[in-house]
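Working notes for the structure below.
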Amino acid sequence: MAESRTRRLFMRVLYIIVGSFIYSVAVNMLFIPHRLLSGGLTGIAIILEYLLSIPTEITVIILNIPLFIGGYRFLGRRFVYLSMVGIASMSAFLYLTRGWTIDVKDTMIAAIFGGLISGTGIGIVIRNRGSLGGTDIISLLINKFFSFSVGGIATAFNFVILTAAAAFLNVEAAMFSMVGMFVSNKAVDAILAGFNHKKTVIIVSDAADEMAVELFRHVKRGITFLNGEGAYTHKDKKLIYMVVRTMELSKLREVVHRVDPGAFMSIIDTREVEGKGFSVEDVL
């Protein structure tokens with residue numbers, strides 16, 4: 001058990017480092033050459049580099065120090081430790097990839113692909129229980145004490161950054177940066193949801209026991225029985241509850257229709273699942 005936990009922790013750290021590298025490449029190769037911004041404290045650090053020529057990797061660490069102190073006290077040690085790995089590796093990669101270039105002339109293309117690449121990196125980091133510091137920690141701290149939406153706090157913070165960009169740089173840069181942030185958020189959502197989405201399935205059948213046996217045999221997912229009662233007949237009903245991947249739905253439908261063609265089946269989109277069979281390590 002201890003060895004398994006150590007291996008999971010090692011894989012989380014490895015993926016966080018990979019995610020921070022991907023994010024850093026997007027910043028140095030696409031955002032900075034076109035004077036665009038990313039979201040969060042990194043966006044502030046980039047503004048300071050444009051205005052004062054202070055390297056982004058240094059400003060990022062300085063800005064995050066007080067946040068890590070607050071996060072350590074109120075958000076838990078593991079989250080802060082993994083976030084420290086993320087911010088340290090991101091700062092290192094921002095330094096190591098400085099000067100890397102890609103020949104992109106169109107600023108809109110740079111904003112779109114910069115957002116896609118940076119969002120992929122952020123998504124990998126968050127999916128492995130870490131963060132790249134900045135607004136992630138600020139949002140969680142404010143949410144803990146004032147119950148504001150984490151997404152709303154991050155959006156408000158990025159709005160402030162874009163306003164500063166419009167004031168100190170130019171409005172066009174702020175607009176292109178907004179496009180990049182939008183694409184980045186969509187990429188993060190895709191990574192967190194997984195490319196093979198999950199579905200919650202509820203089946204009502206008079207042959208629930210036989211169907212469960214066949215589903216175990218062919219779909220190989222955990223099944224929970226729920227007790228119900230027909231509102232019209234007042235007969236006891238046994239419901240099958242299970243979560244499957246999208247690609248497993250065809251097999252599930254085949255089994256259900258074969259065992260009980262008259263079974264009632266509800267299929268619901270499921271955003272996130274935790275537990276054996278659906279852990280991060282099964283996907284990444």
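Within each chain, counting starts at residue 1; across the structure tokens, chains are named A, B, ... in the order shown, with ligands numbered 1 upward in that order.
The protein and nucleic acid residues lying at most 8 Å from Arg127 in chain A are Gly123, Ile124, Val125, Arg129, Gly130, Ile191, Leu192 and Val280 of chain A, with only C-alpha atoms considered and sequence neighbours fewer than 2 positions away removed.
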May I have all residues of range 161-245 of chain A that DSSP, computed from the backbone, assigns to strand (DSSP E or B), given as a list in words?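 Those in range 161-245 of chain A that DSSP calls strand (DSSP E or B) are Lys198, Lys199, Thr200, Val201, Ile202, Ile203, Val204, Thr224, Phe225, Leu226, Asn227, Gly228, Glu229, Asp236, Lys237, Lys238, Leu239, Ile240, Tyr241, Met242, Val243, Val244 and Arg245 of chain A.
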Students should find that CA of Thr59 in chain A and CA of Asn128 in chain A are spaced 24.7 Å
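Our summary of the geometry notes that CA of Lys198 in chain A is positioned 23.6 Å from CA of Asp260 in chain A.
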Could you find all residues in range 117-233 of chain A that DSSP calls alpha helix (DSSP H) from the backbone, and write them as a PyMOL selection string? chain A and resi 117-127+135-146+150-168+171-193+208-218
Using only C-alpha atoms, which of the listed residues (A:Phe10, A:Tyr50, A:Tyr241, A:Phe79) sits closest to Thr200 in chain A?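 Nearest candidate to Thr200 in chain A out of A:Phe10, A:Tyr50, A:Tyr241, A:Phe79: A:Tyr241.
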My list of candidates is A:Ala187, A:Ile202, A:Ile137, A:Leu52. Which is closest to Ser266 in chain A when distances are computed with only C-alpha atoms? A:Ile202
